[in-house]
Structure formats: C-alpha cells, structure tokens
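S.K.: Pasting data19.pdb below, which is PDB, C-alpha atoms.
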```
ATOM      1  CA  MET B   1     105.434   9.830   1.961
ATOM      2  CA  ILE B   2     104.199   8.026  -1.152
ATOM      3  CA  LEU B   3     105.187   9.204  -4.631
ATOM      4  CA  VAL B   4     102.557   8.783  -7.363
ATOM      5  CA  THR B   5     103.953   9.379 -10.828
ATOM      6  CA  GLY B   6     101.303  10.363 -13.350
ATOM      7  CA  GLY B   7      99.403  11.428 -10.244
ATOM      8  CA  ALA B   8      97.245  13.961 -12.086
ATOM      9  CA  GLY B   9      96.326  11.443 -14.765
ATOM     10  CA  PHE B  10      93.471   8.980 -14.855
ATOM     11  CA  ILE B  11      94.549   6.040 -12.706
ATOM     12  CA  GLY B  12      97.065   8.163 -10.799
ATOM     13  CA  SER B  13      94.525  10.725  -9.596
ATOM     14  CA  ASN B  14      92.187   7.926  -8.554
ATOM     15  CA  LEU B  15      95.025   6.413  -6.534
ATOM     16  CA  VAL B  16      95.467   9.764  -4.805
ATOM     17  CA  ALA B  17      91.708   9.798  -4.117
ATOM     18  CA  SER B  18      91.756   6.255  -2.726
ATOM     19  CA  LEU B  19      94.726   7.098  -0.506
ATOM     20  CA  ASN B  20      92.848  10.181   0.722
ATOM     21  CA  ASP B  21      89.873   7.936   1.533
ATOM     22  CA  ARG B  22      92.232   6.102   3.884
ATOM     23  CA  GLY B  23      93.318   9.355   5.492
ATOM     24  CA  VAL B  24      96.669   9.413   3.681
ATOM     25  CA  THR B  25      97.719  12.898   2.590
ATOM     26  CA  GLU B  26     101.515  12.637   2.628
ATOM     27  CA  ILE B  27     101.531  12.132  -1.139
ATOM     28  CA  ALA B  28     103.864  13.666  -3.704
ATOM     29  CA  VAL B  29     102.297  13.969  -7.156
ATOM     30  CA  ASN B  30     104.695  13.767 -10.086
ATOM     31  CA  ASP B  31     103.099  14.987 -13.317
ATOM     32  CA  HIS B  32     102.956  17.674 -15.968
ATOM     33  CA  LEU B  33     100.251  20.138 -14.953
ATOM     34  CA  GLY B  34     100.287  22.351 -18.000
ATOM     35  CA  SER B  35      96.605  21.826 -18.767
ATOM     36  CA  LEU B  36      93.553  22.767 -16.759
ATOM     37  CA  ALA B  37      91.980  19.419 -17.701
ATOM     38  CA  LYS B  38      94.542  17.466 -15.671
ATOM     39  CA  GLU B  39      94.661  20.002 -12.837
ATOM     40  CA  ARG B  40      90.936  19.446 -12.307
ATOM     41  CA  ASN B  41      91.622  15.775 -11.557
ATOM     42  CA  LEU B  42      93.257  16.878  -8.294
ATOM     43  CA  LYS B  43      90.937  19.697  -7.266
ATOM     44  CA  HIS B  44      89.208  17.623  -4.577
ATOM     45  CA  ARG B  45      92.405  15.968  -3.398
ATOM     46  CA  ARG B  46      94.823  16.494  -0.532
ATOM     47  CA  TYR B  47      98.509  15.958  -1.139
ATOM     48  CA  ALA B  48     101.860  17.288   0.049
ATOM     49  CA  GLY B  49     103.085  18.780  -3.210
ATOM     50  CA  ILE B  50     103.706  18.579  -6.935
ATOM     51  CA  VAL B  51     107.006  17.356  -8.355
ATOM     52  CA  SER B  52     107.798  18.368 -11.908
ATOM     53  CA  PRO B  53     108.960  15.476 -14.128
ATOM     54  CA  ASP B  54     112.050  17.530 -14.987
ATOM     55  CA  GLU B  55     112.955  17.718 -11.286
ATOM     56  CA  LEU B  56     112.023  14.165 -10.299
ATOM     57  CA  PHE B  57     115.448  12.632  -9.763
ATOM     58  CA  ARG B  58     116.842  15.735  -8.098
ATOM     59  CA  TRP B  59     113.834  15.651  -5.782
ATOM     60  CA  LEU B  60     114.495  11.980  -5.004
ATOM     61  CA  GLU B  61     118.061  12.619  -3.840
ATOM     62  CA  ASP B  62     118.539  11.703  -0.165
ATOM     63  CA  ARG B  63     114.817  11.114   0.240
ATOM     64  CA  LYS B  64     113.024   8.282   2.050
ATOM     65  CA  LEU B  65     109.672   7.124   0.669
ATOM     66  CA  GLU B  66     107.111   4.580   1.774
ATOM     67  CA  ALA B  67     106.555   3.521  -1.854
ATOM     68  CA  ILE B  68     106.627   4.654  -5.464
ATOM     69  CA  LEU B  69     103.420   4.058  -7.425
ATOM     70  CA  HIS B  70     104.552   4.552 -11.006
ATOM     71  CA  MET B  71     101.512   5.254 -13.186
ATOM     72  CA  GLY B  72     103.119   7.809 -15.500
ATOM     73  CA  ALA B  73     103.587   6.819 -19.155
ATOM     74  CA  ILE B  74     102.951   7.734 -22.749
ATOM     75  CA  SER B  75      99.822   5.615 -22.972
ATOM     76  CA  SER B  76      98.521   6.389 -26.456
ATOM     77  CA  THR B  77      98.137   3.219 -28.510
ATOM     78  CA  THR B  78      98.653   5.292 -31.672
ATOM     79  CA  ALA B  79     101.973   6.872 -30.600
ATOM     80  CA  THR B  80     104.722   6.501 -33.212
ATOM     81  CA  ASP B  81     107.708   8.406 -31.735
ATOM     82  CA  GLU B  82     109.758   5.416 -30.606
ATOM     83  CA  LYS B  83     112.460   7.493 -28.906
ATOM     84  CA  ALA B  84     109.958   9.438 -26.799
ATOM     85  CA  VAL B  85     107.901   6.361 -25.914
ATOM     86  CA  MET B  86     110.922   4.282 -24.893
ATOM     87  CA  GLU B  87     112.343   7.134 -22.839
ATOM     88  CA  ALA B  88     109.054   7.525 -20.960
ATOM     89  CA  ASN B  89     107.984   3.885 -20.734
ATOM     90  CA  PHE B  90     111.307   2.060 -20.428
ATOM     91  CA  GLU B  91     114.297   4.229 -19.566
ATOM     92  CA  LEU B  92     112.562   6.327 -16.893
ATOM     93  CA  PRO B  93     111.008   3.369 -15.019
ATOM     94  CA  MET B  94     114.383   1.573 -15.173
ATOM     95  CA  ARG B  95     115.896   4.524 -13.323
ATOM     96  CA  LEU B  96     113.074   4.397 -10.786
ATOM     97  CA  LEU B  97     113.608   0.653 -10.360
ATOM     98  CA  ASP B  98     117.314   1.300  -9.681
ATOM     99  CA  TRP B  99     116.445   4.024  -7.158
ATOM    100  CA  CYS B 100     113.946   1.784  -5.366
ATOM    101  CA  THR B 101     116.501  -1.034  -5.272
ATOM    102  CA  LYS B 102     119.156   1.235  -3.780
ATOM    103  CA  THR B 103     116.823   2.780  -1.179
ATOM    104  CA  ARG B 104     114.839  -0.391  -0.385
ATOM    105  CA  THR B 105     111.573   1.215  -1.490
ATOM    106  CA  PRO B 106     108.534  -0.770  -2.748
ATOM    107  CA  PHE B 107     107.909  -0.182  -6.452
ATOM    108  CA  ILE B 108     104.459  -0.771  -7.995
ATOM    109  CA  TYR B 109     104.052   0.167 -11.634
ATOM    110  CA  ALA B 110     101.485   0.162 -14.426
ATOM    111  CA  SER B 111     102.004  -2.376 -17.166
ATOM    112  CA  SER B 112      99.208  -2.969 -19.676
ATOM    113  CA  ALA B 113      97.018  -5.577 -21.317
ATOM    114  CA  ALA B 114      98.295  -4.053 -24.567
ATOM    115  CA  THR B 115     101.276  -6.397 -24.135
ATOM    116  CA  TYR B 116      99.007  -9.302 -25.136
ATOM    117  CA  GLY B 117      98.544  -8.073 -28.688
ATOM    118  CA  ASP B 118      95.491  -9.428 -30.507
ATOM    119  CA  GLY B 119      94.771 -11.923 -27.731
ATOM    120  CA  THR B 120      95.154 -15.031 -29.867
ATOM    121  CA  ALA B 121      97.853 -16.267 -27.462
ATOM    122  CA  GLY B 122      95.537 -15.769 -24.499
ATOM    123  CA  PHE B 123      95.730 -13.478 -21.481
ATOM    124  CA  ASP B 124      97.741 -15.552 -19.026
ATOM    125  CA  ASP B 125      99.857 -13.351 -16.727
ATOM    126  CA  ASN B 126     102.657 -15.891 -16.484
ATOM    127  CA  ASP B 127     105.555 -13.613 -15.578
ATOM    128  CA  SER B 128     108.432 -15.859 -16.596
ATOM    129  CA  PRO B 129     110.836 -14.233 -19.065
ATOM    130  CA  GLU B 130     110.040 -16.963 -21.587
ATOM    131  CA  ALA B 131     106.292 -16.311 -21.451
ATOM    132  CA  LEU B 132     106.693 -12.535 -21.630
ATOM    133  CA  ALA B 133     109.051 -12.794 -24.607
ATOM    134  CA  ARG B 134     106.440 -14.777 -26.571
ATOM    135  CA  LEU B 135     103.907 -11.935 -26.477
ATOM    136  CA  ARG B 136     103.352  -9.911 -29.643
ATOM    137  CA  PRO B 137     101.963  -6.441 -28.901
ATOM    138  CA  LEU B 138     100.178  -4.650 -31.728
ATOM    139  CA  ASN B 139     101.592  -1.168 -31.106
ATOM    140  CA  LEU B 140     104.572   0.783 -29.809
ATOM    141  CA  TYR B 141     102.922   1.422 -26.448
ATOM    142  CA  GLY B 142     102.414  -2.302 -25.864
ATOM    143  CA  ARG B 143     105.972  -3.095 -26.959
ATOM    144  CA  SER B 144     107.416  -0.538 -24.551
ATOM    145  CA  LYS B 145     105.468  -2.041 -21.647
ATOM    146  CA  GLN B 146     106.516  -5.556 -22.639
ATOM    147  CA  ARG B 147     110.154  -4.505 -22.785
ATOM    148  CA  PHE B 148     110.059  -3.107 -19.268
ATOM    149  CA  ASP B 149     108.180  -6.120 -17.875
ATOM    150  CA  LEU B 150     110.798  -8.390 -19.395
ATOM    151  CA  ALA B 151     113.701  -6.352 -18.010
ATOM    152  CA  VAL B 152     112.191  -6.470 -14.515
ATOM    153  CA  VAL B 153     111.575 -10.224 -14.418
ATOM    154  CA  GLU B 154     114.945 -11.008 -15.948
ATOM    155  CA  ARG B 155     116.581  -8.947 -13.220
ATOM    156  CA  ALA B 156     114.492 -10.670 -10.547
ATOM    157  CA  ARG B 157     115.347 -14.128 -11.897
ATOM    158  CA  SER B 158     119.080 -13.340 -11.987
ATOM    159  CA  ARG B 159     118.923 -12.783  -8.217
ATOM    160  CA  VAL B 160     120.587  -9.395  -8.360
ATOM    161  CA  PRO B 161     119.291  -6.840  -5.830
ATOM    162  CA  MET B 162     115.665  -5.770  -6.290
ATOM    163  CA  PRO B 163     113.289  -3.526  -4.343
ATOM    164  CA  PRO B 164     111.759  -5.241  -1.288
ATOM    165  CA  GLN B 165     108.500  -5.349  -3.249
ATOM    166  CA  TRP B 166     108.004  -4.956  -6.983
ATOM    167  CA  ALA B 167     104.766  -5.429  -8.868
ATOM    168  CA  GLY B 168     103.710  -4.736 -12.438
ATOM    169  CA  LEU B 169      99.978  -4.448 -13.085
ATOM    170  CA  LYS B 170      98.569  -5.310 -16.501
ATOM    171  CA  PHE B 171      95.545  -3.049 -16.461
ATOM    172  CA  PHE B 172      92.789  -4.105 -18.843
ATOM    173  CA  ASN B 173      90.004  -1.746 -20.023
ATOM    174  CA  VAL B 174      89.863   0.716 -17.158
ATOM    175  CA  PHE B 175      87.074   3.310 -17.149
ATOM    176  CA  GLY B 176      85.705   5.800 -14.659
ATOM    177  CA  PRO B 177      85.981   9.350 -13.304
ATOM    178  CA  ASN B 178      88.916  11.611 -14.183
ATOM    179  CA  GLU B 179      89.520  10.169 -17.648
ATOM    180  CA  TYR B 180      88.131  13.294 -19.300
ATOM    181  CA  HIS B 181      91.520  14.739 -20.342
ATOM    182  CA  LYS B 182      92.434  11.635 -22.365
ATOM    183  CA  ASP B 183      90.723  12.788 -25.570
ATOM    184  CA  ASN B 184      90.442   9.857 -27.971
ATOM    185  CA  MET B 185      91.906   7.483 -25.367
ATOM    186  CA  ARG B 186      88.863   7.929 -23.109
ATOM    187  CA  SER B 187      86.589   4.957 -22.629
ATOM    188  CA  VAL B 188      83.777   4.419 -25.130
ATOM    189  CA  LEU B 189      81.347   5.093 -22.283
ATOM    190  CA  CYS B 190      82.843   8.487 -21.533
ATOM    191  CA  LYS B 191      82.793   9.471 -25.205
ATOM    192  CA  ALA B 192      79.226   8.227 -25.694
ATOM    193  CA  PHE B 193      77.695   9.878 -22.629
ATOM    194  CA  PRO B 194      77.053  13.373 -24.126
ATOM    195  CA  ASP B 195      75.151  11.888 -27.077
ATOM    196  CA  ALA B 196      73.126   9.524 -24.912
ATOM    197  CA  LYS B 197      72.306  12.340 -22.500
ATOM    198  CA  ALA B 198      71.222  14.639 -25.351
ATOM    199  CA  GLY B 199      68.973  11.982 -26.913
ATOM    200  CA  ARG B 200      71.246  11.343 -29.865
ATOM    201  CA  PRO B 201      72.274   7.832 -30.909
ATOM    202  CA  VAL B 202      75.613   6.529 -29.693
ATOM    203  CA  ARG B 203      77.938   4.973 -32.243
ATOM    204  CA  LEU B 204      79.812   1.699 -32.088
ATOM    205  CA  PHE B 205      82.004  -0.041 -34.631
ATOM    206  CA  ARG B 206      80.607  -2.624 -36.959
ATOM    207  CA  SER B 207      82.243  -5.997 -36.644
ATOM    208  CA  GLY B 208      84.623  -7.213 -39.294
ATOM    209  CA  ARG B 209      84.110 -10.839 -38.313
ATOM    210  CA  PRO B 210      81.093 -12.991 -39.202
ATOM    211  CA  ASP B 211      81.114 -14.726 -35.815
ATOM    212  CA  ILE B 212      80.819 -11.450 -33.857
ATOM    213  CA  PRO B 213      77.837  -9.085 -34.191
ATOM    214  CA  ASP B 214      78.171  -5.337 -34.613
ATOM    215  CA  GLY B 215      79.035  -3.868 -31.222
ATOM    216  CA  GLY B 216      79.667  -7.377 -29.951
ATOM    217  CA  GLN B 217      83.421  -6.935 -29.611
ATOM    218  CA  LEU B 218      84.353  -8.006 -26.076
ATOM    219  CA  ARG B 219      86.401  -6.234 -23.425
ATOM    220  CA  ASP B 220      87.300  -6.870 -19.804
ATOM    221  CA  PHE B 221      85.991  -3.558 -18.471
ATOM    222  CA  ILE B 222      87.225  -2.736 -14.958
ATOM    223  CA  TYR B 223      86.055   0.257 -12.914
ATOM    224  CA  VAL B 224      88.931   2.523 -11.953
ATOM    225  CA  LEU B 225      87.982   2.384  -8.261
ATOM    226  CA  ASP B 226      88.544  -1.380  -8.395
ATOM    227  CA  ALA B 227      91.863  -0.929 -10.190
ATOM    228  CA  ALA B 228      93.013   1.475  -7.464
ATOM    229  CA  ALA B 229      91.896  -1.007  -4.802
ATOM    230  CA  VAL B 230      94.306  -3.606  -6.201
ATOM    231  CA  VAL B 231      97.215  -1.161  -5.916
ATOM    232  CA  LEU B 232      96.351  -0.343  -2.317
ATOM    233  CA  TRP B 233      96.038  -4.038  -1.512
ATOM    234  CA  LEU B 234      99.576  -4.536  -2.754
ATOM    235  CA  LEU B 235     100.753  -1.730  -0.470
ATOM    236  CA  ASP B 236      99.136  -3.634   2.396
ATOM    237  CA  HIS B 237     100.835  -6.890   1.374
ATOM    238  CA  PRO B 238     104.520  -6.062   0.892
ATOM    239  CA  ARG B 239     105.542  -9.689   0.440
ATOM    240  CA  VAL B 240     103.628  -9.958  -2.838
ATOM    241  CA  SER B 241     105.779  -9.315  -5.914
ATOM    242  CA  GLY B 242     105.333 -10.205  -9.572
ATOM    243  CA  ILE B 243     103.382  -9.172 -12.654
ATOM    244  CA  TYR B 244      99.612  -9.508 -12.387
ATOM    245  CA  ASN B 245      96.563  -8.934 -14.551
ATOM    246  CA  VAL B 246      94.137  -6.317 -13.272
ATOM    247  CA  GLY B 247      90.761  -6.960 -14.854
ATOM    248  CA  THR B 248      87.552  -8.559 -13.655
ATOM    249  CA  GLY B 249      88.019 -11.904 -15.378
ATOM    250  CA  GLU B 250      84.719 -11.355 -17.247
ATOM    251  CA  ALA B 251      84.380  -9.962 -20.765
ATOM    252  CA  SER B 252      81.395  -7.836 -21.798
ATOM    253  CA  SER B 253      80.499  -6.363 -25.171
ATOM    254  CA  PHE B 254      80.390  -2.708 -26.116
ATOM    255  CA  ASN B 255      76.659  -3.270 -26.636
ATOM    256  CA  ASP B 256      76.431  -4.372 -22.989
ATOM    257  CA  MET B 257      78.179  -1.212 -21.857
ATOM    258  CA  MET B 258      75.929   1.056 -23.929
ATOM    259  CA  GLN B 259      72.799  -0.693 -22.710
ATOM    260  CA  ALA B 260      73.992  -0.107 -19.145
ATOM    261  CA  LEU B 261      74.567   3.557 -20.003
ATOM    262  CA  PHE B 262      71.027   4.026 -21.288
ATOM    263  CA  ALA B 263      69.657   2.119 -18.287
ATOM    264  CA  ALA B 264      71.511   4.502 -15.945
ATOM    265  CA  LEU B 265      69.901   7.407 -17.806
ATOM    266  CA  LYS B 266      66.510   5.642 -17.718
ATOM    267  CA  ARG B 267      66.245   5.743 -21.501
ATOM    268  CA  PRO B 268      65.766   3.071 -24.174
ATOM    269  CA  PRO B 269      68.948   2.065 -26.015
ATOM    270  CA  ASN B 270      69.696   4.077 -29.155
ATOM    271  CA  ILE B 271      72.762   2.638 -30.902
ATOM    272  CA  GLU B 272      74.072   3.106 -34.436
ATOM    273  CA  TYR B 273      76.934   1.162 -36.024
ATOM    274  CA  ILE B 274      79.682   2.698 -38.127
ATOM    275  CA  ASP B 275      82.572   1.275 -40.142
ATOM    276  CA  MET B 276      85.842   0.766 -38.330
ATOM    277  CA  PRO B 277      88.548   3.278 -39.351
ATOM    278  CA  ALA B 278      91.043   1.924 -41.854
ATOM    279  CA  GLU B 279      93.950   2.617 -39.494
ATOM    280  CA  LEU B 280      92.560   0.047 -37.038
ATOM    281  CA  SER B 281      92.258  -2.706 -39.616
ATOM    282  CA  GLY B 282      94.502  -5.598 -38.631
ATOM    283  CA  ARG B 283      95.311  -4.005 -35.263
ATOM    284  CA  TYR B 284      91.957  -4.345 -33.523
ATOM    285  CA  GLN B 285      91.348  -6.605 -30.538
ATOM    286  CA  TYR B 286      88.032  -8.456 -30.630
ATOM    287  CA  LEU B 287      88.453  -9.855 -27.122
ATOM    288  CA  THR B 288      90.234  -8.966 -23.908
ATOM    289  CA  GLN B 289      89.599 -11.046 -20.809
ATOM    290  CA  ALA B 290      92.019 -11.207 -17.925
ATOM    291  CA  LYS B 291      92.962 -14.447 -16.284
ATOM    292  CA  MET B 292      92.781 -13.528 -12.608
ATOM    293  CA  GLU B 293      93.913 -16.765 -10.970
ATOM    294  CA  ARG B 294      97.413 -15.549 -10.108
ATOM    295  CA  LEU B 295      96.223 -12.422  -8.304
ATOM    296  CA  ARG B 296      93.600 -14.471  -6.472
ATOM    297  CA  ALA B 297      96.236 -17.055  -5.536
ATOM    298  CA  ALA B 298      98.379 -14.228  -4.166
ATOM    299  CA  GLY B 299      95.541 -13.449  -1.748
ATOM    300  CA  TYR B 300      93.429 -10.744  -3.391
ATOM    301  CA  ASP B 301      89.853 -11.722  -2.515
ATOM    302  CA  ALA B 302      87.831  -8.518  -3.026
ATOM    303  CA  ALA B 303      84.953  -8.624  -5.500
ATOM    304  CA  PHE B 304      85.064  -6.581  -8.698
ATOM    305  CA  THR B 305      82.125  -4.289  -9.428
ATOM    306  CA  PRO B 306      79.816  -5.801 -12.102
ATOM    307  CA  LEU B 307      79.664  -3.779 -15.311
ATOM    308  CA  GLU B 308      76.064  -2.595 -14.858
ATOM    309  CA  ALA B 309      76.729  -1.400 -11.295
ATOM    310  CA  ALA B 310      79.991   0.288 -12.269
ATOM    311  CA  VAL B 311      78.333   2.128 -15.180
ATOM    312  CA  GLN B 312      75.456   3.170 -12.917
ATOM    313  CA  ASP B 313      77.881   4.588 -10.358
ATOM    314  CA  TYR B 314      80.012   6.370 -12.961
ATOM    315  CA  VAL B 315      77.015   7.942 -14.674
ATOM    316  CA  THR B 316      74.992   8.967 -11.627
ATOM    317  CA  ARG B 317      77.827  10.091  -9.329
ATOM    318  CA  PHE B 318      80.146  11.638 -11.898
ATOM    319  CA  LEU B 319      79.233  11.983 -15.592
ATOM    320  CA  ASP B 320      75.702  13.279 -14.978
ATOM    321  CA  ARG B 321      76.783  15.840 -12.379
ATOM    322  CA  PRO B 322      77.917  19.454 -12.850
ATOM    323  CA  ASP B 323      81.241  18.481 -11.255
ATOM    324  CA  PRO B 324      82.254  15.051 -12.596
ATOM    325  CA  TYR B 325      85.608  14.835 -10.832
ATOM    326  CA  ARG B 326      86.482  12.404  -8.095
TER     327      ARG B 326
END
```
Translate this file's structure into structure tokens.

M.R.:
Amino acid sequence: MILVTGGAGFIGSNLVASLNDRGVTEIAVNDHLGSLAKERNLKHRRYAGIVSPDELFRWLEDRKLEAILHMGAISSTTATDEKAVMEANFELPMRLLDWCTKTRTPFIYASSAATYGDGTAGFDDNDSPEALARLRPLNLYGRSKQRFDLAVVERARSRVPMPPQWAGLKFFNVFGPNEYHKDNMRSVLCKAFPDAKAGRPVRLFRSGRPDIPDGGQLRDFIYVLDAAAVVLWLLDHPRVSGIYNVGTGEASSFNDMMQALFAALKRPPNIEYIDMPAELSGRYQYLTQAKMERLRAAGYDAAFTPLEAAVQDYVTRFLDRPDPYR
C-alpha cells in the first residue's frame, strides 16, 4: 500500500489518478475531507481508504507501506500563523521521516520553488546544506519548506540512518485539473478561464519594472500530469535520493499562458492589465525557471509538455467540460 498525504488536494489527487492509471488501487489517502470541493477531486478515483490527519500516526503503527508520498502542507504563500505552518510543514514531515527511517520505507515529499525567494540567487537545486542555507525565501511557506529541506540533507550528510530512498521535489508553477478548491492559490489560468469563456477580458498584473512589459512576468509553468510523472519515476528508481527541481526548465510569460488559453477557446486574445496589489510589492517574483540538469543527470529523460499543449489539454479535457475533475 502507498500512503499519499494531501491525497485529496491538487498534486496529491493527481498522484492518486496517475497511480490508478497504472492499475494501482492499494492507496491510502490522508487528508481533511471537510469540504465538497476537495471530495470531488477523488470522485473518479479508486483507493483503499481515507485516513484522517488526526489518526495518521495511530494508523501507521505496526503497518508496512510501499512508500509515503507526502504532499500535504499549508501551502498558502500569504499564511502568517508561524506555529501552524511549522507544525504542518516541518514538525509533521520530521515525524514521517523518522517513521520511514525506522520502517525502511521510501519517503518522497513536496518541497517548493518558494524556497528560492525572489530568484536573484538563481534556481540551482544544489542540495548541500551550505547551498540550501543561503536561500532567502520571501514568505513563511517558503521558509518552512527550506527548514525541512535543510534538516533532511543535514541528517543525510551526518550519515545517521535514513529511509532507503528520500527525495524532496521543488515544484515550480504547477497547474492543471483538480486545483479548483485552492481559491486564490489557483493558477492564473484557472482563475482566468471563466472570464475568457464568457467573452470578458482576463486581467494580468502590470509590471513594476521598466525592462519587463505588462503581463511579461515569467514563470516555469509545469502541467500537473508531468509533475506526477516525476514522482512515479522516483518510485520506479529507488536508488535515486536527493532534492530536485520539478519544472520544465523553460520560462513563459503570463501573456503566453493567456494567449494559449484564448487559442484553446478559438478566440482572439482579450487581456487587460491592472495594478499589482500593495501587499505584493517587494515580495513578487518576476522570474522562475528551474534548472533541470540534476534530475536529468539522475536519469529522468521524459519530455515535459510544452505550455501551449498543456493549456490546450487542460482547457479542452477539463475546464471546458461539465465535469472538470480528473
């Protein structure tokens, strides 16, 4: 059995879907299912059962698992409750790491590109403690992920016992089906789709830099199906451990994404630009672009879906359907 924490969330539910595509149904989903929005993410899925977060460690007692895929987290970049964020994003995964070490269970977890801060130091996934300690995240979420990454690699370097496989994945700008419950943390594409479909203009932020046009801010957009494929590849390659970027290695602008959206709808682009909210001033990334050499060197050779093709698939197979869930 495989445990997927955050299994009713965005990336987690897509992992369950990708495992189902392989014929795997012995999956335990660990998540809060208090809202219909998240429950819908699993309505097409097959799994063995739901484990409440409050019961997780009791459930784990005397249990043997094939792997833990830890996708659960407080992922809001605007979260300010440090105690709650550190409990969810540091203390809980440390307990899971200890359990996986004791039981010799592979442990694959979600880190984040938010650890890179404003990107001025680059996006090199060097996983030495020294390199990780130099990063300067812009928010509490990014700091919590950095703290856990650092604790893991420091433990690995000290040669104390570790799980037989451990891997942290720095997901970049993931978008795709089943993100609908994320409210303001949904991708720009998901938020813009209703307006584009209804013939209204979509809105993007004006640029605050003279060298970047309005809507020209750049992101490494990666389709969630590709992100899930990396996780499954790691399951297939248990000798690969470390912290790796999960992006495409190519940055595209928000304008590019919106143009792909209108192309998928067979409509001319209709984009308006609005001022950036004051709360984002000084904390806004103008570029994210993953360096993918380390994951490629580890053996991952699958292609990543180009932005236009990924947007086309997301729009035509999910967003523009009565049932948009994967």

S.K.: Please provide the set of residues having any atom within 9 Å of region 199-212 of chain B, restricted to only C-alpha atoms, with same-chain residues fewer than 6 positions apart removed, written as a list in words.

M.R.: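 Near neighbours after the sequence-gap exclusion: Val188, Lys191, Ala192, Phe193, Phe254, Asn255, Met258, Arg267, Pro269, Asn270, Ile271, Glu272, Tyr273, Ile274, Asp275, Met276, Pro277, Ser281 and Tyr286 of chain B.
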
S.K.: Take the point (97.0, -0.2, -6.3) in the file's coordinates, draw a sphere of radius 9 Å around it, and report as number ranges by chain every protein, DNA or RNA residue with an atom inside or on it, counting all atoms listed in the file.

M.R.: B: 15, 69, 108-109, 169, 226-235

S.K.: One decimal, in Å: what's the spacing between CA of Asp149 (chain B) and CA of Ala17 (chain B)?

M.R.: 26.7 Å

S.K.: I'd like to know which of B:Ala302, B:Ala260, B:Leu140, B:Ala251 is closest to Leu189 (chain B), using only C-alpha atoms.

M.R.: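 Result for the nearest residue to Leu189 (chain B): B:Ala260.
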
S.K.: Could I get the residues of region 96-156 of chain B with an atom no further than 12 Å from an atom of region 236-239 of chain B, each paired with its nearest atom pair and that distance in Å to one decimal, using all atoms listed in the file, sorted by chain and residue number, as CSV?

M.R.:
```
residue,atom,partner,partner_atom,distance
B:Arg104,CA,B:Pro238,CA,11.8
B:Thr105,CA,B:Pro238,CA,10.4
B:Pro106,CA,B:Pro238,CA,7.6
B:Phe107,CA,B:Pro238,CA,10.0
B:Ile108,CA,B:Pro238,CA,10.3
```

S.K.: Go through B:Val4, B:Asp183, B:Tyr223, B:Glu293 one by one, measure the shortest atom-to-atom distance of each to Glu26 (chain B) using only C-alpha atoms, and give the residue with the smallest value.

M.R.: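 For Glu26 (chain B), the nearest of the candidates is B:Val4.
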
S.K.: If the PyMOL selection byres ((chain B and resi 287) around 7) is run on the structure shown, which residues does it catch, given as an NGL selection string?

M.R.: :B and (119 or 217-219 or 285-286 or 288-289)

S.K.: Have a look at B:Lys266, B:Arg157, B:Lys38, B:Lys291 and name the one nearest to Ile11 (chain B); count all atoms listed in the file.

M.R.: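 Smallest distance to Ile11 (chain B) is found for B:Lys38.
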
S.K.: Which is closest to Trp99 (chain B) among B:Glu87, B:Glu130, B:Glu61, B:Asp81, if we use all atoms listed in the file?

M.R.: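 Checking each candidate against Trp99 (chain B), we get B:Glu61 as the closest.
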
S.K.: Under the rule that only C-alpha atoms are counted, which of B:Asn89, B:Asn178, B:Asn184, B:Ser128 is the nearest residue to Leu150 (chain B)?

M.R.: B:Ser128

S.K.: Applied to the shown file, which residues does the PyMOL selection byres ((chain B and resi 168) around 10) return, written as a list in words?

M.R.: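 Residues picked by the PyMOL selection byres ((chain B and resi 168) around 10): His70, Phe107, Ile108, Tyr109, Ala110, Ser111, Ser112, Asp127, Lys145, Phe148, Asp149, Val152, Val153, Trp166, Ala167, Leu169, Lys170, Phe171, Val231, Ser241, Gly242, Ile243, Tyr244, Asn245 and Val246 of chain B.
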
S.K.: Rank B:Arg46, B:Arg134, B:Arg155, B:Lys83 by their smallest atom-to-atom distance to Leu97 (chain B), using all atoms listed in the file, and report the top residue only.

M.R.: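 Of B:Arg46, B:Arg134, B:Arg155, B:Lys83, the one nearest Leu97 (chain B) is B:Arg155, counting all atoms listed in the file.
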
S.K.: Leaving out Gln146 (chain B) and any residue of its chain fewer than 5 positions from it, which residues lie within 10 Å of it when counting only C-alpha atoms, given as JSON, numbers by chain?

M.R.: {"B": [89, 90, 111, 112, 113, 114, 115, 116, 132, 133, 135, 136, 137, 140, 141, 151, 152]}

S.K.: Could you tell me which residues the PyMOL selection byres ((chain B and resi 248) around 6) returns for this structure, as a PyMOL selection string?

M.R.: chain B and resi 222+247+249-250+304

S.K.: Grab the CA of Arg317 (chain B) to CA of Ser35 (chain B) distance for me, in Å with one decimal place.

M.R.: 24.1 Å

S.K.: List every protein, DNA or RNA residue with an atom no more than 12 Å from (114.4, 7.3, -14.9) in the file's coordinates, counting all atoms listed in the file, and format the result as a list in words.

M.R.: Thr5, Pro53, Asp54, Glu55, Leu56, Phe57, Arg58, Leu60, His70, Gly72, Ala73, Met86, Glu87, Ala88, Asn89, Phe90, Glu91, Leu92, Pro93, Met94, Arg95, Leu96, Leu97, Asp98, Trp99 and Cys100 of chain B

S.K.: Take every atom of region 240-249 of chain B listed in the file, pad by 5 Å on each side, and give me the axis-aligned box centre and edge lengths in Å, one decimal, as JSON.

M.R.:
```
{"center_x": 96.7, "center_y": -9.1, "center_z": -9.1, "size_x": 28.2, "size_y": 15.6, "size_z": 22.5}
```

S.K.: CA of Met71 (chain B) and CA of Val85 (chain B), how far apart in Å?

M.R.: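 We find that CA of Val85 (chain B) and CA of Met71 (chain B) lie 14.3 Å from each other.
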
S.K.: Can you give me N, CA and C atoms for region 292-300 of chain B, written as a compact mmCIF listing (two decimals), keeping the file's coordinate frame?

M.R.:
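Wrote it out as part.txt, contents follow:
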```
# COMPACT_ATOMS: atom_id res chain seq x y z
N MET B 292 92.55 -14.14 -13.92
CA MET B 292 92.78 -13.53 -12.61
C MET B 292 93.25 -14.52 -11.54
N GLU B 293 93.55 -15.75 -11.96
CA GLU B 293 93.91 -16.76 -10.97
C GLU B 293 95.17 -16.42 -10.18
N ARG B 294 96.16 -15.81 -10.83
CA ARG B 294 97.41 -15.55 -10.11
C ARG B 294 97.22 -14.49 -9.02
N LEU B 295 96.47 -13.43 -9.33
CA LEU B 295 96.22 -12.42 -8.30
C LEU B 295 95.38 -13.00 -7.17
N ARG B 296 94.40 -13.82 -7.51
CA ARG B 296 93.60 -14.47 -6.47
C ARG B 296 94.47 -15.40 -5.62
N ALA B 297 95.36 -16.15 -6.27
CA ALA B 297 96.24 -17.06 -5.54
C ALA B 297 97.19 -16.29 -4.62
N ALA B 298 97.51 -15.05 -5.01
CA ALA B 298 98.38 -14.23 -4.17
C ALA B 298 97.65 -13.71 -2.94
N GLY B 299 96.31 -13.83 -2.93
CA GLY B 299 95.54 -13.45 -1.75
C GLY B 299 94.51 -12.37 -1.96
N TYR B 300 94.42 -11.81 -3.18
CA TYR B 300 93.43 -10.74 -3.39
C TYR B 300 92.04 -11.37 -3.51
```
